[in-house]
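Q: Provided below: start_11.pdb, containing PDB, C-alpha atoms.
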ATOM      1  CA  MET A   2     -28.000 -37.147  12.937
ATOM      2  CA  THR A   3     -30.985 -34.873  13.228
ATOM      3  CA  LYS A   4     -31.636 -32.110  10.723
ATOM      4  CA  LYS A   5     -31.024 -29.485  13.431
ATOM      5  CA  ASN A   6     -27.640 -30.973  14.348
ATOM      6  CA  LEU A   7     -26.681 -31.224  10.687
ATOM      7  CA  ILE A   8     -27.464 -27.534  10.151
ATOM      8  CA  LYS A   9     -25.361 -26.617  13.196
ATOM      9  CA  LYS A  10     -22.466 -28.737  11.954
ATOM     10  CA  VAL A  11     -22.568 -27.268   8.460
ATOM     11  CA  ALA A  12     -22.818 -23.736   9.866
ATOM     12  CA  THR A  13     -19.816 -24.403  12.133
ATOM     13  CA  TRP A  14     -17.720 -25.636   9.227
ATOM     14  CA  ILE A  15     -18.715 -22.630   7.098
ATOM     15  CA  ILE A  16     -17.758 -20.211   9.898
ATOM     16  CA  MET A  17     -14.454 -22.043  10.436
ATOM     17  CA  PHE A  18     -13.723 -21.885   6.705
ATOM     18  CA  ILE A  19     -14.450 -18.151   6.598
ATOM     19  CA  MET A  20     -12.276 -17.478   9.652
ATOM     20  CA  PHE A  21      -9.423 -19.566   8.219
ATOM     21  CA  SER A  22      -9.716 -17.774   4.864
ATOM     22  CA  VAL A  23      -9.577 -14.341   6.523
ATOM     23  CA  PHE A  24      -6.579 -15.443   8.599
ATOM     24  CA  LEU A  25      -4.804 -16.794   5.501
ATOM     25  CA  LEU A  26      -5.559 -13.638   3.492
ATOM     26  CA  ASP A  27      -4.214 -11.489   6.311
ATOM     27  CA  ILE A  28      -0.966 -13.485   6.389
ATOM     28  CA  ILE A  29      -0.587 -13.095   2.617
ATOM     29  CA  CYS A  30      -1.381  -9.379   2.862
ATOM     30  CA  VAL A  31       1.172  -8.807   5.649
ATOM     31  CA  ALA A  32       3.830 -10.721   3.706
ATOM     32  CA  MET A  33       3.191  -8.676   0.577
ATOM     33  CA  CYS A  34       3.089  -5.441   2.591
ATOM     34  CA  ASN A  35       6.514  -6.270   4.050
ATOM     35  CA  HIS A  36       7.790  -7.023   0.543
ATOM     36  CA  TYR A  37       6.624  -3.695  -0.884
ATOM     37  CA  GLN A  38       7.999  -1.821   2.131
ATOM     38  CA  GLY A  39      11.343  -3.470   1.472
ATOM     39  CA  LEU A  40      11.530  -1.771  -1.918
ATOM     40  CA  TYR A  41      12.188   1.545  -0.128
ATOM     41  CA  ASP A  42      15.420   2.256   1.698
ATOM     42  CA  VAL A  43      13.918   4.193   4.602
ATOM     43  CA  LYS A  44      16.643   5.812   6.683
ATOM     44  CA  ALA A  45      16.509   7.770   9.923
ATOM     45  CA  GLU A  46      15.922  11.491   9.357
ATOM     46  CA  ASN A  47      18.926  13.698  10.127
ATOM     47  CA  PHE A  48      17.637  17.022   8.669
ATOM     48  CA  SER A  49      20.756  17.378   6.552
ATOM     49  CA  MET A  50      18.658  18.160   3.439
ATOM     50  CA  ASP A  51      20.864  15.793   1.420
ATOM     51  CA  THR A  52      17.964  14.927  -0.876
ATOM     52  CA  GLY A  53      16.439  18.411  -1.069
ATOM     53  CA  ASN A  54      14.146  20.780   0.782
ATOM     54  CA  ASP A  55      10.827  20.058  -0.926
ATOM     55  CA  ARG A  56       9.262  17.853   1.702
ATOM     56  CA  ILE A  57       6.016  16.614   3.203
ATOM     57  CA  HIS A  58       6.306  15.971   6.942
ATOM     58  CA  PHE A  59       3.739  13.512   8.327
ATOM     59  CA  LEU A  60       3.914  14.137  12.062
ATOM     60  CA  ASN A  61       3.428  11.496  14.707
ATOM     61  CA  VAL A  62       0.279  12.840  16.346
ATOM     62  CA  ASN A  63      -1.250   9.457  17.127
ATOM     63  CA  ASN A  64      -4.471   8.859  15.190
ATOM     64  CA  SER A  65      -4.910  12.478  14.117
ATOM     65  CA  ASP A  66      -3.553  14.604  11.255
ATOM     66  CA  ALA A  67      -0.805  17.229  11.201
ATOM     67  CA  ILE A  68       1.074  17.565   7.923
ATOM     68  CA  LEU A  69       3.788  20.151   7.358
ATOM     69  CA  LEU A  70       4.587  21.228   3.811
ATOM     70  CA  GLU A  71       8.090  22.562   3.184
ATOM     71  CA  SER A  72       9.528  24.007  -0.019
ATOM     72  CA  ASN A  73      12.477  26.347  -0.505
ATOM     73  CA  GLY A  74      12.368  27.564   3.080
ATOM     74  CA  LYS A  75       8.602  28.101   3.102
ATOM     75  CA  PHE A  76       6.269  26.193   5.409
ATOM     76  CA  ALA A  77       2.530  25.523   5.578
ATOM     77  CA  LEU A  78       0.568  23.417   8.053
ATOM     78  CA  ILE A  79      -2.256  21.151   6.897
ATOM     79  CA  ASP A  80      -4.329  20.345   9.986
ATOM     80  CA  SER A  81      -2.893  20.649  13.466
ATOM     81  CA  GLY A  82      -3.265  17.344  15.244
ATOM     82  CA  GLU A  83      -5.497  16.924  18.261
ATOM     83  CA  GLY A  84      -5.481  19.470  21.069
ATOM     84  CA  ASP A  85      -5.443  18.704  24.790
ATOM     85  CA  HIS A  86      -9.146  19.270  25.467
ATOM     86  CA  ASN A  87     -11.136  17.086  23.108
ATOM     87  CA  PRO A  88     -14.798  17.482  24.158
ATOM     88  CA  ARG A  89     -15.354  13.821  23.298
ATOM     89  CA  LYS A  90     -12.870  12.680  25.953
ATOM     90  CA  ASP A  91     -11.957  13.213  29.581
ATOM     91  CA  MET A  92     -10.402  16.638  30.188
ATOM     92  CA  LYS A  93      -7.285  14.924  31.541
ATOM     93  CA  TYR A  94      -6.690  13.514  28.084
ATOM     94  CA  LEU A  95      -3.631  15.062  26.451
ATOM     95  CA  GLY A  96      -3.480  15.659  22.708
ATOM     96  CA  ASN A  97      -0.521  16.518  20.555
ATOM     97  CA  GLU A  98      -0.325  20.297  20.574
ATOM     98  CA  GLN A  99       3.035  20.485  22.365
ATOM     99  CA  ALA A 100       4.541  17.867  20.037
ATOM    100  CA  VAL A 101       3.494  19.924  16.995
ATOM    101  CA  ILE A 102       4.770  23.183  18.500
ATOM    102  CA  LYS A 103       8.098  21.551  19.343
ATOM    103  CA  TYR A 104       8.423  20.149  15.839
ATOM    104  CA  LEU A 105       7.587  23.464  14.152
ATOM    105  CA  LYS A 106      10.254  25.212  16.202
ATOM    106  CA  LYS A 107      12.726  22.457  15.380
ATOM    107  CA  VAL A 108      12.357  22.549  11.584
ATOM    108  CA  ALA A 109      10.596  25.801  10.589
ATOM    109  CA  THR A 110      12.292  28.531  12.637
ATOM    110  CA  ASP A 111      13.633  31.435  10.558
ATOM    111  CA  LYS A 112      16.677  33.624  11.165
ATOM    112  CA  THR A 113      14.766  35.701  13.711
ATOM    113  CA  GLY A 114      13.930  32.636  15.789
ATOM    114  CA  LYS A 115      10.268  32.744  14.749
ATOM    115  CA  VAL A 116       8.035  30.353  12.831
ATOM    116  CA  GLN A 117       6.119  32.103  10.055
ATOM    117  CA  LEU A 118       3.776  29.808   8.180
ATOM    118  CA  GLU A 119       2.729  30.858   4.687
ATOM    119  CA  PHE A 120      -0.707  29.424   5.377
ATOM    120  CA  VAL A 121      -2.545  26.932   7.519
ATOM    121  CA  LEU A 122      -5.428  24.805   6.305
ATOM    122  CA  GLY A 123      -8.060  23.000   8.327
ATOM    123  CA  THR A 124      -9.342  20.204   6.111
ATOM    124  CA  HIS A 125     -12.543  19.964   8.193
ATOM    125  CA  ASN A 126     -13.708  20.831  11.693
ATOM    126  CA  HIS A 127     -13.183  17.646  13.673
ATOM    127  CA  TYR A 128     -11.063  18.150  16.777
ATOM    128  CA  ASP A 129      -8.452  15.610  15.724
ATOM    129  CA  HIS A 130      -7.732  17.798  12.689
ATOM    130  CA  ILE A 131      -7.972  21.397  13.924
ATOM    131  CA  GLY A 132      -8.019  21.036  17.708
ATOM    132  CA  ALA A 133      -4.386  22.051  18.277
ATOM    133  CA  PHE A 134      -4.449  25.177  16.082
ATOM    134  CA  GLU A 135      -5.513  27.344  19.031
ATOM    135  CA  ALA A 136      -2.492  26.365  21.155
ATOM    136  CA  ILE A 137      -0.135  26.560  18.169
ATOM    137  CA  ILE A 138      -1.116  30.066  17.146
ATOM    138  CA  ASN A 139      -1.176  31.244  20.780
ATOM    139  CA  ASP A 140       2.538  30.467  20.993
ATOM    140  CA  PRO A 141       4.312  33.839  20.727
ATOM    141  CA  ASP A 142       6.937  32.432  18.370
ATOM    142  CA  ILE A 143       4.489  31.042  15.791
ATOM    143  CA  SER A 144       2.258  32.893  13.373
ATOM    144  CA  ALA A 145       0.733  32.504   9.910
ATOM    145  CA  ASN A 146      -0.086  34.738   6.979
ATOM    146  CA  VAL A 147      -3.527  33.278   6.328
ATOM    147  CA  ALA A 148      -5.764  30.561   7.755
ATOM    148  CA  TYR A 149      -8.083  28.679   5.406
ATOM    149  CA  LEU A 150     -11.070  27.345   7.337
ATOM    150  CA  LYS A 151     -14.462  26.320   6.010
ATOM    151  CA  PRO A 152     -17.411  27.109   8.295
ATOM    152  CA  ILE A 153     -19.662  24.268   9.395
ATOM    153  CA  ASN A 154     -22.454  23.424   6.996
ATOM    154  CA  HIS A 155     -25.388  22.560   9.254
ATOM    155  CA  ASP A 156     -27.157  20.695   6.460
ATOM    156  CA  VAL A 157     -24.216  18.307   6.246
ATOM    157  CA  ALA A 158     -22.946  17.959   9.833
ATOM    158  CA  HIS A 159     -24.601  15.431  12.113
ATOM    159  CA  ASP A 160     -26.487  16.807  15.120
ATOM    160  CA  TYR A 161     -24.312  14.757  17.484
ATOM    161  CA  GLU A 162     -21.165  16.302  15.970
ATOM    162  CA  ILE A 163     -22.479  19.716  16.987
ATOM    163  CA  ASP A 164     -24.201  18.813  20.262
ATOM    164  CA  GLU A 165     -21.856  16.141  21.631
ATOM    165  CA  TRP A 166     -18.574  16.548  19.768
ATOM    166  CA  GLY A 167     -18.581  20.341  19.985
ATOM    167  CA  ILE A 168     -17.326  20.958  16.453
ATOM    168  CA  GLU A 169     -18.962  24.399  16.317
ATOM    169  CA  ASN A 170     -17.144  25.467  19.496
ATOM    170  CA  THR A 171     -13.907  24.040  18.101
ATOM    171  CA  TYR A 172     -14.342  26.016  14.883
ATOM    172  CA  ASN A 173     -15.205  29.265  16.716
ATOM    173  CA  ASP A 174     -12.325  28.918  19.199
ATOM    174  CA  THR A 175      -9.908  28.272  16.333
ATOM    175  CA  VAL A 176     -11.111  31.240  14.290
ATOM    176  CA  ASN A 177     -10.982  33.581  17.302
ATOM    177  CA  ALA A 178      -7.436  32.476  18.166
ATOM    178  CA  PHE A 179      -6.226  33.256  14.653
ATOM    179  CA  ILE A 180      -7.987  36.621  14.580
ATOM    180  CA  GLU A 181      -6.507  37.602  17.960
ATOM    181  CA  ASP A 182      -3.061  36.764  16.583
ATOM    182  CA  GLY A 183      -3.658  39.020  13.589
ATOM    183  CA  VAL A 184      -3.970  36.146  11.103
ATOM    184  CA  LYS A 185      -6.329  36.603   8.189
ATOM    185  CA  VAL A 186      -9.061  33.948   8.343
ATOM    186  CA  THR A 187     -10.987  33.121   5.197
ATOM    187  CA  ALA A 188     -13.411  30.520   3.890
ATOM    188  CA  ASP A 189     -12.567  31.610   0.335
ATOM    189  CA  ILE A 190     -10.206  28.735  -0.289
ATOM    190  CA  PRO A 191      -8.285  28.724  -3.578
ATOM    191  CA  THR A 192      -8.266  25.639  -5.775
ATOM    192  CA  LYS A 193      -4.670  26.310  -6.904
ATOM    193  CA  ILE A 194      -1.681  27.448  -4.835
ATOM    194  CA  LYS A 195       1.913  27.861  -5.983
ATOM    195  CA  PHE A 196       4.005  26.942  -2.976
ATOM    196  CA  GLY A 197       7.741  27.064  -3.621
ATOM    197  CA  ASP A 198       8.505  24.207  -6.025
ATOM    198  CA  PHE A 199       5.177  22.543  -5.216
ATOM    199  CA  ASP A 200       1.988  23.026  -7.186
ATOM    200  CA  LEU A 201      -1.024  22.484  -4.931
ATOM    201  CA  THR A 202      -4.532  21.657  -6.150
ATOM    202  CA  LEU A 203      -7.353  21.669  -3.583
ATOM    203  CA  TYR A 204     -10.600  19.735  -3.915
ATOM    204  CA  ASN A 205     -13.982  20.117  -2.181
ATOM    205  CA  THR A 206     -13.182  23.686  -1.162
ATOM    206  CA  VAL A 207     -16.914  24.413  -0.846
ATOM    207  CA  THR A 208     -19.059  21.916   1.052
ATOM    208  CA  ASP A 209     -21.906  20.631  -1.087
ATOM    209  CA  SER A 210     -25.238  20.709   0.750
ATOM    210  CA  SER A 211     -26.314  17.665  -1.256
ATOM    211  CA  PHE A 212     -24.323  15.660   1.321
ATOM    212  CA  LYS A 213     -27.173  16.288   3.748
ATOM    213  CA  ASP A 214     -26.665  14.514   7.083
ATOM    214  CA  LYS A 215     -23.534  12.738   5.825
ATOM    215  CA  GLY A 216     -21.359  14.272   8.538
ATOM    216  CA  GLU A 217     -18.400  16.658   8.770
ATOM    217  CA  ASN A 218     -16.096  14.198   6.979
ATOM    218  CA  ALA A 219     -18.045  15.061   3.819
ATOM    219  CA  ALA A 220     -16.553  18.570   4.143
ATOM    220  CA  SER A 221     -12.976  17.255   3.962
ATOM    221  CA  ILE A 222     -10.618  19.123   1.659
ATOM    222  CA  GLY A 223      -8.263  16.960  -0.378
ATOM    223  CA  MET A 224      -4.948  18.256  -1.682
ATOM    224  CA  LEU A 225      -2.840  17.180  -4.651
ATOM    225  CA  VAL A 226       0.850  18.052  -4.217
ATOM    226  CA  GLU A 227       2.956  18.055  -7.396
ATOM    227  CA  LYS A 228       6.600  18.579  -8.230
ATOM    228  CA  GLY A 229       7.751  17.661 -11.718
ATOM    229  CA  ASN A 230       6.369  14.223 -12.510
ATOM    230  CA  LYS A 231       5.845  13.219  -8.878
ATOM    231  CA  LYS A 232       2.481  13.554  -7.171
ATOM    232  CA  ALA A 233       1.004  13.030  -3.720
ATOM    233  CA  PHE A 234      -2.626  13.164  -2.651
ATOM    234  CA  LEU A 235      -3.502  14.112   0.927
ATOM    235  CA  ALA A 236      -6.932  12.600   1.514
ATOM    236  CA  ALA A 237      -7.828  14.159   4.908
ATOM    237  CA  ASP A 238     -10.932  12.243   6.101
ATOM    238  CA  ILE A 239     -12.349  11.633   2.634
ATOM    239  CA  THR A 240     -14.423   8.457   2.763
ATOM    240  CA  ASN A 241     -16.580   6.319   0.540
ATOM    241  CA  THR A 242     -19.346   6.133   3.154
ATOM    242  CA  THR A 243     -20.062   9.873   2.858
ATOM    243  CA  GLY A 244     -20.134   9.661  -0.935
ATOM    244  CA  LEU A 245     -17.230  12.096  -1.224
ATOM    245  CA  GLU A 246     -14.913   9.564  -2.872
ATOM    246  CA  ASP A 247     -17.449   8.978  -5.641
ATOM    247  CA  LYS A 248     -17.948  12.702  -6.156
ATOM    248  CA  MET A 249     -14.197  13.262  -6.512
ATOM    249  CA  LEU A 250     -13.433  10.119  -8.515
ATOM    250  CA  ASN A 251     -13.512  11.717 -11.977
ATOM    251  CA  ASP A 252     -11.021  14.381 -10.845
ATOM    252  CA  MET A 253      -8.557  11.870  -9.444
ATOM    253  CA  GLN A 254      -5.432  10.609 -11.200
ATOM    254  CA  LYS A 255      -2.508   8.280 -10.614
ATOM    255  CA  VAL A 256      -0.274   9.464  -7.787
ATOM    256  CA  ASP A 257       3.003   8.261  -6.349
ATOM    257  CA  LEU A 258       2.016   8.779  -2.716
ATOM    258  CA  LEU A 259      -1.330   8.693  -0.927
ATOM    259  CA  LYS A 260      -2.029   9.966   2.560
ATOM    260  CA  VAL A 261      -4.756   7.454   3.334
ATOM    261  CA  GLY A 262      -8.130   8.971   4.191
ATOM    262  CA  HIS A 263      -9.654   8.816   7.670
ATOM    263  CA  HIS A 264      -6.590   7.223   9.304
ATOM    264  CA  GLY A 265      -7.293   3.913   7.603
ATOM    265  CA  TYR A 266     -10.606   3.493   9.412
ATOM    266  CA  TYR A 267     -13.858   2.124   8.080
ATOM    267  CA  GLY A 268     -15.185   3.694   4.904
ATOM    268  CA  SER A 269     -11.957   5.111   3.500
ATOM    269  CA  THR A 270     -10.029   4.147   0.379
ATOM    270  CA  SER A 271     -12.534   2.032  -1.498
ATOM    271  CA  TRP A 272     -11.123  -0.187  -4.226
ATOM    272  CA  LYS A 273     -12.443   2.199  -6.918
ATOM    273  CA  PHE A 274     -10.745   5.191  -5.321
ATOM    274  CA  ALA A 275      -7.527   3.266  -4.685
ATOM    275  CA  LYS A 276      -7.463   1.903  -8.237
ATOM    276  CA  LYS A 277      -7.866   5.413  -9.699
ATOM    277  CA  LEU A 278      -5.042   6.816  -7.540
ATOM    278  CA  GLU A 279      -2.926   3.632  -7.635
ATOM    279  CA  PRO A 280      -0.222   4.924  -5.250
ATOM    280  CA  ASP A 281       3.196   3.313  -4.910
ATOM    281  CA  ILE A 282       3.443   4.592  -1.334
ATOM    282  CA  ALA A 283       0.635   4.840   1.229
ATOM    283  CA  ILE A 284       1.080   6.858   4.419
ATOM    284  CA  ILE A 285      -1.363   6.223   7.236
ATOM    285  CA  THR A 286      -1.608   8.742  10.085
ATOM    286  CA  ASN A 287      -2.093   6.056  12.666
ATOM    287  CA  LYS A 288      -0.567   2.757  13.747
ATOM    288  CA  LEU A 289      -0.352   0.153  11.021
ATOM    289  CA  GLY A 290      -2.103  -2.303  13.337
ATOM    290  CA  LYS A 291      -5.179  -0.054  13.485
ATOM    291  CA  ILE A 292      -5.781   0.067   9.748
ATOM    292  CA  TYR A 293      -8.935  -1.824   8.768
ATOM    293  CA  PRO A 294      -8.156  -5.176   7.096
ATOM    294  CA  ASP A 295     -10.092  -4.393   3.906
ATOM    295  CA  ILE A 296      -8.149  -1.154   3.448
ATOM    296  CA  LYS A 297      -4.833  -2.906   4.018
ATOM    297  CA  TRP A 298      -5.894  -5.528   1.493
ATOM    298  CA  THR A 299      -6.962  -2.911  -1.067
ATOM    299  CA  LEU A 300      -3.730  -0.931  -0.788
ATOM    300  CA  THR A 301      -1.557  -4.029  -0.874
ATOM    301  CA  MET A 302      -3.315  -6.322  -3.333
ATOM    302  CA  ILE A 303      -4.852  -3.793  -5.734
ATOM    303  CA  CYS A 304      -2.326  -0.942  -5.618
ATOM    304  CA  HIS A 305       0.776  -2.957  -4.618
ATOM    305  CA  ALA A 306       1.553  -0.001  -2.345
ATOM    306  CA  ALA A 307       4.163   0.091   0.397
ATOM    307  CA  ILE A 308       2.301   1.135   3.554
ATOM    308  CA  PHE A 309       4.010   3.201   6.251
ATOM    309  CA  ALA A 310       2.453   4.451   9.485
ATOM    310  CA  SER A 311       3.413   7.834  10.932
ATOM    311  CA  VAL A 312       3.039   6.564  14.512
ATOM    312  CA  ASP A 313       5.124   3.430  13.998
ATOM    313  CA  CYS A 314       7.758   5.497  12.169
ATOM    314  CA  ASN A 315       7.638   8.271  14.812
ATOM    315  CA  GLY A 316       7.071  10.813  12.078
ATOM    316  CA  ILE A 317       7.906  10.201   8.435
ATOM    317  CA  ILE A 318       9.113  12.633   5.772
ATOM    318  CA  ALA A 319       8.661  12.293   2.010
ATOM    319  CA  THR A 320      11.255  14.344   0.136
ATOM    320  CA  PHE A 321      10.577  15.216  -3.506
ATOM    321  CA  SER A 322      14.078  15.468  -4.949
ATOM    322  CA  ASP A 323      15.203  17.449  -7.983
ATOM    323  CA  ASN A 324      16.103  14.186  -9.738
ATOM    324  CA  GLY A 325      12.471  13.109  -9.837
ATOM    325  CA  GLU A 326      12.479  10.670  -6.939
ATOM    326  CA  ILE A 327      10.657  10.442  -3.608
ATOM    327  CA  TYR A 328      12.830   9.566  -0.624
ATOM    328  CA  LEU A 329      11.370   8.464   2.701
ATOM    329  CA  THR A 330      12.957   9.044   6.087
ATOM    330  CA  GLU A 331      11.618   8.166   9.523
ATOM    331  CA  ASN A 332      12.145   9.011  13.192
ATOM    332  CA  ALA A 333      11.657  12.679  12.351
ATOM    333  CA  GLN A 334      10.489  13.280  15.917
ATOM    334  CA  ALA A 335      13.151  11.201  17.627
TER
END
In structure tokens, what does this structure look like?
A:
Amino acid sequence: MTKKNLIKKVATWIIMFIMFSVFLLDIICVAMCNHYQGLYDVKAENFSMDTGNDRIHFLNVNNSDAILLESNGKFALIDSGEGDHNPRKDMKYLGNEQAVIKYLKKVATDKTGKVQLEFVLGTHNHYDHIGAFEAIINDPDISANVAYLKPINHDVAHDYEIDEWGIENTYNDTVNAFIEDGVKVTADIPTKIKFGDFDLTLYNTVTDSSFKDKGENAASIGMLVEKGNKKAFLAADITNTTGLEDKMLNDMQKVDLLKVGHHGYYGSTSWKFAKKLEPDIAIITNKLGKIYPDIKWTLTMICHAAIFASVDCNGIIATFSDNGEIYLTENAQA
């Protein structure tokens, strides 16, 4: 056997070994994921409020974010899901704005038949996070007391996000829609909010220009939701690749539930970040099959977290009960 053929043979065996190892690890990870999921008795949502009315609704808006906070009859919307006219896609592409509007009217309508949100928050200015706000607030039956929106930091945002993705137009259209509806719009975002029985702590409320050219995800606002001894962290599009995870690491703490950053895509939920948060439950605003393998491995093998996907569950609700438990229900948008 020639030296060249020997090298090819060895390289082939190495590649085959690596592929087999990855395949075996994925099987182990899936098996463990199924085991941890089985620890939670997830029932179909019936909106009976049997376990309480302090709830986090993770809407099925495909691979975008729309999270409804509910406590003692009050509602707030964290991100809006994707609108119907994403500048990155064909204009025939339909987003999720009607699904969000329908859901708000289903669960958040008051005695007058209107939806009055205590506040709305855009975690950052990507269209899959704030793109549907314009349609939502233009609905005559929906309004909000205040809209928290950070302006675009041009030192941080990529040029292609502004020129090709149209994030500046998205931000301006969203702000104008709120103003026309009489909603107060402010970039002065509080770090603490008392919201019914929930205590909310917001992180990265001011975009640090030191994240120069790291992209709009570096502007993402994270939110800690607390009731009693139970905690959830909503990680927006916080990623390790922007450096935002490292910046926030010292402020993080163990939580019971994590809304996985950046839909489970590349760069989110590094092992250091996951280990610091160490959630028992991980919610991904996506399909479980789209989560990156390393993130699935980190959540399963390091955190021993049960992973649930809002798309696969057709909307999932986490109820923080008065007895100090978190109950999960699915098919909220059935």
Q: Applied to this file, what does the PyMOL selection byres ((chain A and resi 318-324) around 8) return in terms of residues, put as a PyMOL selection string?
A: chain A and resi 46+52-59+228+231+316-317+325-331+333
Q: Could those selected residues go to a file with C-alpha atoms, as a compact mmCIF listing (two decimals), in the frame of the given file?
A:
# COMPACT_ATOMS: atom_id res chain seq x y z
CA GLU A 46 15.92 11.49 9.36
CA THR A 52 17.96 14.93 -0.88
CA GLY A 53 16.44 18.41 -1.07
CA ASN A 54 14.15 20.78 0.78
CA ASP A 55 10.83 20.06 -0.93
CA ARG A 56 9.26 17.85 1.70
CA ILE A 57 6.02 16.61 3.20
CA HIS A 58 6.31 15.97 6.94
CA PHE A 59 3.74 13.51 8.33
CA LYS A 228 6.60 18.58 -8.23
CA LYS A 231 5.84 13.22 -8.88
CA GLY A 316 7.07 10.81 12.08
CA ILE A 317 7.91 10.20 8.44
CA GLY A 325 12.47 13.11 -9.84
CA GLU A 326 12.48 10.67 -6.94
CA ILE A 327 10.66 10.44 -3.61
CA TYR A 328 12.83 9.57 -0.62
CA LEU A 329 11.37 8.46 2.70
CA THR A 330 12.96 9.04 6.09
CA GLU A 331 11.62 8.17 9.52
CA ALA A 333 11.66 12.68 12.35
Q: Output as CSV one row per residue of region 17-107 of chain A within 12 Å of region 172-188 of chain A: the closest atom pair and its distance in Å to one decimal place, counting all atoms listed in the file, sorted by chain and residue number ascending.
A:
residue,atom,partner,partner_atom,distance
A:Asp80,CA,A:Thr175,CA,11.6
A:Ser81,CA,A:Thr175,CA,10.7
A:Gly84,CA,A:Thr175,CA,10.9
A:His86,CA,A:Asp174,CA,11.9
Q: Under the rule that all atoms listed in the file are counted, which of A:Ile222, A:Ile296, A:Ala233, A:Leu259 is the nearest residue to Lys151 (chain A)?
A: A:Ile222
Q: Near region 202-211 of chain A, counting only C-alpha atoms, which residues have an atom at most 12 Å away, once you skip same-chain residues fewer than 5 positions from it, shown as number ranges by chain?
A: A: 79, 122-126, 149-158, 187-196, 216-228, 232-239, 243-246, 248-253
Q: First collect every listed atom of region 275-281 of chain A; then fit an axis-aligned box around them, widen it by 6 Å on each side, and give centre and edge lengths in Å to one decimal, as JSON.
A:
{"center_x": -2.3, "center_y": 4.4, "center_z": -7.2, "size_x": 23.1, "size_y": 16.9, "size_z": 17.0}
Q: Which value, in Å to one decimal, gives the distance between CA of Leu300 (chain A) and CA of Ala77 (chain A)?
A: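 Rounded to one decimal, the two atoms are 27.9 Å apart.
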Q: Interatomic distance between CA of Asn287 (chain A) and CA of Asp140 (chain A)?
A: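 Separation between CA of Asn287 (chain A) and CA of Asp140 (chain A): 26.2 Å.
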Q: Record the distance separating CA of Arg89 (chain A) and CA of Ser271 (chain A), expressed in Å with one decimal.
A: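 Interatomic distance, CA of Arg89 (chain A) to CA of Ser271 (chain A): 27.6 Å.
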Q: Using the incomplete input, complete region 291-304 of chain A to the level of N, CA and C atoms; output as a PDB file, keeping the file's coordinate frame.
A:
ATOM      1  N   LYS A 291      -3.813  -0.557  13.355  1.00  0.00           N
ATOM      2  CA  LYS A 291      -5.179  -0.054  13.485  1.00  0.00           C
ATOM      3  C   LYS A 291      -5.884   0.119  12.143  1.00  0.00           C
ATOM      4  N   ILE A 292      -5.158  -0.070  11.054  1.00  0.00           N
ATOM      5  CA  ILE A 292      -5.781   0.067   9.748  1.00  0.00           C
ATOM      6  C   ILE A 292      -6.762  -1.084   9.536  1.00  0.00           C
ATOM      7  N   TYR A 293      -7.930  -0.787   8.975  1.00  0.00           N
ATOM      8  CA  TYR A 293      -8.935  -1.824   8.768  1.00  0.00           C
ATOM      9  C   TYR A 293      -8.432  -2.845   7.747  1.00  0.00           C
ATOM     10  N   PRO A 294      -8.705  -4.120   7.969  1.00  0.00           N
ATOM     11  CA  PRO A 294      -8.156  -5.176   7.096  1.00  0.00           C
ATOM     12  C   PRO A 294      -8.491  -4.993   5.621  1.00  0.00           C
ATOM     13  N   ASP A 295      -9.722  -4.544   5.312  1.00  0.00           N
ATOM     14  CA  ASP A 295     -10.092  -4.393   3.906  1.00  0.00           C
ATOM     15  C   ASP A 295      -9.289  -3.284   3.237  1.00  0.00           C
ATOM     16  N   ILE A 296      -8.937  -2.253   4.005  1.00  0.00           N
ATOM     17  CA  ILE A 296      -8.149  -1.154   3.448  1.00  0.00           C
ATOM     18  C   ILE A 296      -6.710  -1.605   3.226  1.00  0.00           C
ATOM     19  N   LYS A 297      -6.179  -2.351   4.186  1.00  0.00           N
ATOM     20  CA  LYS A 297      -4.833  -2.906   4.018  1.00  0.00           C
ATOM     21  C   LYS A 297      -4.785  -3.812   2.789  1.00  0.00           C
ATOM     22  N   TRP A 298      -5.819  -4.625   2.636  1.00  0.00           N
ATOM     23  CA  TRP A 298      -5.894  -5.528   1.493  1.00  0.00           C
ATOM     24  C   TRP A 298      -5.965  -4.740   0.187  1.00  0.00           C
ATOM     25  N   THR A 299      -6.811  -3.716   0.147  1.00  0.00           N
ATOM     26  CA  THR A 299      -6.962  -2.911  -1.067  1.00  0.00           C
ATOM     27  C   THR A 299      -5.648  -2.256  -1.463  1.00  0.00           C
ATOM     28  N   LEU A 300      -4.984  -1.628  -0.491  1.00  0.00           N
ATOM     29  CA  LEU A 300      -3.730  -0.931  -0.788  1.00  0.00           C
ATOM     30  C   LEU A 300      -2.637  -1.901  -1.220  1.00  0.00           C
ATOM     31  N   THR A 301      -2.614  -3.061  -0.599  1.00  0.00           N
ATOM     32  CA  THR A 301      -1.557  -4.029  -0.874  1.00  0.00           C
ATOM     33  C   THR A 301      -1.822  -4.836  -2.133  1.00  0.00           C
ATOM     34  N   MET A 302      -3.020  -5.388  -2.255  1.00  0.00           N
ATOM     35  CA  MET A 302      -3.315  -6.322  -3.333  1.00  0.00           C
ATOM     36  C   MET A 302      -3.732  -5.632  -4.628  1.00  0.00           C
ATOM     37  N   ILE A 303      -4.410  -4.498  -4.528  1.00  0.00           N
ATOM     38  CA  ILE A 303      -4.852  -3.793  -5.734  1.00  0.00           C
ATOM     39  C   ILE A 303      -3.811  -2.787  -6.201  1.00  0.00           C
ATOM     40  N   CYS A 304      -3.280  -1.999  -5.255  1.00  0.00           N
ATOM     41  CA  CYS A 304      -2.326  -0.942  -5.618  1.00  0.00           C
ATOM     42  C   CYS A 304      -0.873  -1.409  -5.576  1.00  0.00           C
TER      43      CYS A 304
END
